[in-house]
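Everything on this sheet refers to the single structure shown next.
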Amino acid sequence: MKIFFQAPAALLALALAAPLTARADDANGFGKLDPTPPAGLTAEQIVAKFGAREAEFAAARENYTFRQSVKIDTLDSDTNKIDGEYQQVTDITFDKEGKRVEHVVFAPQNTLERVMMTPTDFDEIEHRLPFILTTEDLPEYDITYLGRQHVDDLDTYVFSAGPKTIVKNHRYFQGKVWVDVQDFQIVLVNGKNVPDDTRRGHEDLSPPFTTYYEQVDGKYWFPTYTKAEGTLHFAAQQGALSQDVHMRSIVKYTDYKQFHATSTIVSSSGAIAEPPPPKK
């Protein structure tokens, strides 16, 4: 999220409060964390299992259509009322050739004045807020087993995850992940995308977020709800007044449906071929 002043650009810093929860009534859904080492499997074996399952999920989600609803607000510090808002609802579908396409179905006028959406923000909404940690991604992360915990009706393993090293122009997740003990899939994440860009004149920050997942078609846990909220602190510089901006964003991923091709292919001989399989 990029912030602009009419005065010269200021260095930004994001004050991170306690870990966020997407819904207030979920605060009581977390049981006590049991740090006892896992039984039957080592932590390394659990990581390998959920990495493989996450890879399956990542491939499966590419074969689903869904609706993505984004709402980003800035709130007045005195009244806590919304003083600027960005909204967009997009259907993620496939065209007749089976190529993934995005169709904006709702986009009212953007009234944000104190923050500005950047390409990084849109990329994070699509790729990093619905966090996936596949076998291919695992070597980039330090992953530590924290314990076992009930989340609502689920029994989960809890891990901390963060990048081993920061590669230029790459973004990473840093925080906690909750993995279902039966399905070995991520069902909840809480953390932040790092690193922030704090270069003067190029500042681009993202707040901490929580993403919840729900089971779709009885197979995979798909991201369905993300909430981020925090206060952006602007340092006074070159005559600009210091300023705090309270920002809140909610992203919903709904209406997951598996894509099935319906076109008929006619060969050069005139024979009618079977419809192609779903996009992999």
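Chain labels follow the order of the structure tokens: the first chain is A, the next B, and so on; residue numbering restarts at 1 in every chain, and ligands are counted from 1 in their shown order.
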Enumerate, as a ChimeraX atom specification, the complete set of residues in range 2-160 of chain A that a backbone-based DSSP assignment places in strand (DSSP E). /A:12-15,64-75,82-94,100-106,141-151,154-160
Next, dump the selected residues to file, keeping only N, CA and C atoms, as a short mmCIF file (atom, residue, chain, number, x, y, z; two decimals), in the first residue's frame.
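And here is the file that came out, out35.cif:
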```cif
data_model
loop_
_atom_site.label_atom_id
_atom_site.label_comp_id
_atom_site.auth_asym_id
_atom_site.auth_seq_id
_atom_site.Cartn_x
_atom_site.Cartn_y
_atom_site.Cartn_z
N LEU A 12 7.89 5.79 5.74
CA LEU A 12 6.75 5.15 6.39
C LEU A 12 7.22 4.06 7.32
N ALA A 13 6.46 3.85 8.37
CA ALA A 13 6.68 2.72 9.27
C ALA A 13 5.33 2.20 9.69
N LEU A 14 5.18 0.92 9.77
CA LEU A 14 3.91 0.31 10.13
C LEU A 14 4.00 -0.25 11.53
N ALA A 15 3.14 0.26 12.42
CA ALA A 15 3.12 -0.26 13.78
C ALA A 15 2.22 -1.49 13.82
N TYR A 64 -10.46 -24.05 -10.75
CA TYR A 64 -11.72 -23.59 -10.17
C TYR A 64 -11.98 -22.14 -10.57
N THR A 65 -13.25 -21.85 -10.79
CA THR A 65 -13.67 -20.46 -10.92
C THR A 65 -14.12 -19.98 -9.54
N PHE A 66 -14.06 -18.68 -9.31
CA PHE A 66 -14.50 -18.13 -8.04
C PHE A 66 -14.69 -16.62 -8.17
N ARG A 67 -15.30 -16.04 -7.17
CA ARG A 67 -15.50 -14.59 -7.12
C ARG A 67 -14.61 -14.01 -6.03
N GLN A 68 -13.93 -12.94 -6.37
CA GLN A 68 -13.03 -12.26 -5.44
C GLN A 68 -13.56 -10.86 -5.15
N SER A 69 -13.87 -10.60 -3.87
CA SER A 69 -14.43 -9.31 -3.46
C SER A 69 -13.43 -8.60 -2.57
N VAL A 70 -13.04 -7.40 -2.96
CA VAL A 70 -12.03 -6.63 -2.23
C VAL A 70 -12.66 -5.34 -1.71
N LYS A 71 -12.42 -5.05 -0.44
CA LYS A 71 -12.89 -3.80 0.15
C LYS A 71 -11.79 -3.25 1.05
N ILE A 72 -11.32 -2.05 0.75
CA ILE A 72 -10.25 -1.42 1.52
C ILE A 72 -10.73 -0.06 1.99
N ASP A 73 -10.64 0.17 3.30
CA ASP A 73 -11.12 1.41 3.90
C ASP A 73 -10.01 2.12 4.67
N THR A 74 -10.09 3.45 4.68
CA THR A 74 -9.35 4.22 5.67
C THR A 74 -10.37 4.79 6.64
N LEU A 75 -9.99 4.85 7.93
CA LEU A 75 -10.93 5.26 8.97
C LEU A 75 -10.43 6.51 9.68
N ILE A 82 -15.53 5.46 8.27
CA ILE A 82 -14.83 5.35 6.99
C ILE A 82 -14.77 6.71 6.30
N ASP A 83 -13.55 7.12 5.90
CA ASP A 83 -13.41 8.37 5.17
C ASP A 83 -12.85 8.17 3.76
N GLY A 84 -12.66 6.94 3.37
CA GLY A 84 -12.21 6.63 2.02
C GLY A 84 -12.36 5.14 1.78
N GLU A 85 -12.73 4.76 0.54
CA GLU A 85 -13.00 3.34 0.30
C GLU A 85 -12.69 2.96 -1.14
N TYR A 86 -12.13 1.76 -1.27
CA TYR A 86 -11.91 1.14 -2.57
C TYR A 86 -12.64 -0.21 -2.57
N GLN A 87 -13.41 -0.48 -3.63
CA GLN A 87 -14.09 -1.76 -3.76
C GLN A 87 -13.93 -2.29 -5.17
N GLN A 88 -13.83 -3.60 -5.26
CA GLN A 88 -13.86 -4.25 -6.57
C GLN A 88 -14.27 -5.70 -6.41
N VAL A 89 -15.21 -6.13 -7.24
CA VAL A 89 -15.64 -7.52 -7.26
C VAL A 89 -15.29 -8.08 -8.63
N THR A 90 -14.55 -9.19 -8.63
CA THR A 90 -14.04 -9.76 -9.86
C THR A 90 -14.39 -11.24 -9.92
N ASP A 91 -14.88 -11.68 -11.06
CA ASP A 91 -15.11 -13.11 -11.30
C ASP A 91 -13.88 -13.69 -12.00
N ILE A 92 -13.30 -14.71 -11.40
CA ILE A 92 -12.16 -15.41 -11.99
C ILE A 92 -12.70 -16.63 -12.73
N THR A 93 -12.65 -16.60 -14.04
CA THR A 93 -13.28 -17.64 -14.85
C THR A 93 -12.32 -18.13 -15.93
N PHE A 94 -12.87 -18.83 -16.91
CA PHE A 94 -12.09 -19.32 -18.05
C PHE A 94 -12.81 -18.93 -19.33
N ARG A 100 -7.44 -18.73 -18.23
CA ARG A 100 -7.97 -18.03 -17.06
C ARG A 100 -8.13 -16.55 -17.35
N VAL A 101 -9.31 -16.00 -17.02
CA VAL A 101 -9.59 -14.59 -17.28
C VAL A 101 -10.25 -13.97 -16.05
N GLU A 102 -10.14 -12.66 -15.94
CA GLU A 102 -10.75 -11.92 -14.85
C GLU A 102 -11.78 -10.94 -15.42
N HIS A 103 -12.97 -10.94 -14.83
CA HIS A 103 -14.04 -10.07 -15.29
C HIS A 103 -14.55 -9.25 -14.12
N VAL A 104 -14.33 -7.94 -14.16
CA VAL A 104 -14.78 -7.06 -13.09
C VAL A 104 -16.28 -6.87 -13.21
N VAL A 105 -17.02 -7.19 -12.14
CA VAL A 105 -18.48 -7.10 -12.17
C VAL A 105 -18.99 -5.94 -11.30
N PHE A 106 -18.14 -5.38 -10.46
CA PHE A 106 -18.57 -4.27 -9.61
C PHE A 106 -17.35 -3.47 -9.20
N TYR A 141 12.04 -21.36 3.29
CA TYR A 141 11.52 -20.95 4.59
C TYR A 141 12.17 -21.71 5.74
N ASP A 142 12.33 -21.01 6.85
CA ASP A 142 12.60 -21.63 8.14
C ASP A 142 11.26 -21.95 8.78
N ILE A 143 11.01 -23.20 9.06
CA ILE A 143 9.72 -23.64 9.60
C ILE A 143 9.96 -24.34 10.93
N THR A 144 9.28 -23.88 11.97
CA THR A 144 9.47 -24.41 13.31
C THR A 144 8.14 -24.90 13.86
N TYR A 145 8.16 -26.11 14.39
CA TYR A 145 6.95 -26.67 15.00
C TYR A 145 6.71 -26.00 16.36
N LEU A 146 5.48 -25.49 16.56
CA LEU A 146 5.14 -24.80 17.80
C LEU A 146 4.26 -25.64 18.71
N GLY A 147 3.47 -26.54 18.13
CA GLY A 147 2.61 -27.36 18.98
C GLY A 147 1.33 -27.75 18.26
N ARG A 148 0.40 -28.24 19.05
CA ARG A 148 -0.89 -28.70 18.55
C ARG A 148 -1.98 -27.86 19.20
N GLN A 149 -3.02 -27.50 18.44
CA GLN A 149 -4.02 -26.58 18.96
C GLN A 149 -5.37 -26.82 18.29
N HIS A 150 -6.44 -26.75 19.08
CA HIS A 150 -7.79 -26.80 18.53
C HIS A 150 -8.19 -25.41 18.05
N VAL A 151 -8.70 -25.34 16.83
CA VAL A 151 -9.25 -24.10 16.27
C VAL A 151 -10.68 -24.41 15.87
N LEU A 154 -11.57 -27.96 14.64
CA LEU A 154 -10.44 -28.60 13.98
C LEU A 154 -9.30 -28.84 14.95
N ASP A 155 -8.60 -29.94 14.74
CA ASP A 155 -7.37 -30.22 15.47
C ASP A 155 -6.22 -29.89 14.52
N THR A 156 -5.31 -29.03 14.94
CA THR A 156 -4.29 -28.54 14.02
C THR A 156 -2.89 -28.63 14.61
N TYR A 157 -1.91 -28.71 13.70
CA TYR A 157 -0.52 -28.48 14.03
C TYR A 157 -0.22 -27.01 13.75
N VAL A 158 0.59 -26.39 14.61
CA VAL A 158 0.91 -24.97 14.44
C VAL A 158 2.41 -24.83 14.17
N PHE A 159 2.74 -24.06 13.16
CA PHE A 159 4.13 -23.81 12.78
C PHE A 159 4.37 -22.31 12.63
N SER A 160 5.58 -21.88 12.92
CA SER A 160 6.01 -20.55 12.52
C SER A 160 6.78 -20.69 11.21
#
```
As a PyMOL selection string, please: the residues near range 184-189 of chain A (cut-off 7 Å, only C-alpha atoms, same-chain neighbours under 2 positions excluded). chain A and resi 49-50+53-54+176-182+191+210-213+221
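Between CA of Thr224 in chain A and CA of Asp196 in chain A there is a distance of 25.0 Å.
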Suppose you want the space between CA of Met247 in chain A and CA of Asn190 in chain A; what is it in Å?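 Those two atoms sit 17.3 Å apart.
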For the atom pair CA of Lys192 in chain A and CA of Lys164 in chain A, what is the interatomic distance in Å to one decimal place?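 Between CA of Lys192 in chain A and CA of Lys164 in chain A the gap is 15.1 Å.
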Taking 4 positions as the minimum chain separation for residues in the same chain, which residues sit within 12 Å of Lys168 in chain A when counting only C-alpha atoms? Answer as a list of chain:residue names. A:Tyr172, A:Val194, A:Pro195, A:Asp196, A:Asp197
Which residues are near Arg61 in chain A? Cut-off 9 Å, only C-alpha atoms, ignore same chain within fewer than 3 positions. Put them as a list of chain:residue names.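 Non-adjacent residues within range: A:Glu56, A:Phe57, A:Ala58, A:Tyr64, A:Thr65, A:Tyr220, A:Phe222, A:Tyr256, A:Gln258.
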Output N, CA and C atoms for every residue in the selection just made, as a compact mmCIF listing (two decimals), in the first residue's frame.
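Final file, part-v3.txt:
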```
# COMPACT_ATOMS: atom_id res chain seq x y z
N GLU A 56 -0.74 -30.12 -4.28
CA GLU A 56 -1.96 -30.64 -4.91
C GLU A 56 -3.05 -29.57 -4.92
N PHE A 57 -3.20 -28.89 -3.79
CA PHE A 57 -4.23 -27.85 -3.70
C PHE A 57 -3.96 -26.72 -4.68
N ALA A 58 -2.69 -26.29 -4.79
CA ALA A 58 -2.36 -25.20 -5.70
C ALA A 58 -2.74 -25.54 -7.13
N TYR A 64 -10.46 -24.05 -10.75
CA TYR A 64 -11.72 -23.59 -10.17
C TYR A 64 -11.98 -22.14 -10.57
N THR A 65 -13.25 -21.85 -10.79
CA THR A 65 -13.67 -20.46 -10.92
C THR A 65 -14.12 -19.98 -9.54
N TYR A 220 -10.29 -30.13 -0.69
CA TYR A 220 -9.22 -29.16 -0.47
C TYR A 220 -9.72 -27.99 0.38
N PHE A 222 -9.75 -24.27 0.71
CA PHE A 222 -9.54 -23.09 -0.11
C PHE A 222 -9.64 -21.82 0.74
N TYR A 256 -16.72 -20.97 -5.26
CA TYR A 256 -15.78 -21.87 -5.94
C TYR A 256 -16.55 -22.93 -6.72
N GLN A 258 -15.72 -26.00 -9.84
CA GLN A 258 -14.73 -26.63 -10.69
C GLN A 258 -15.06 -26.37 -12.15
```
Run DSSP on the backbone and give me the residues of range 22-199 of chain A it puts in alpha helix (DSSP H), as a VMD selection string. chain A and resid 43 to 61 119 to 127
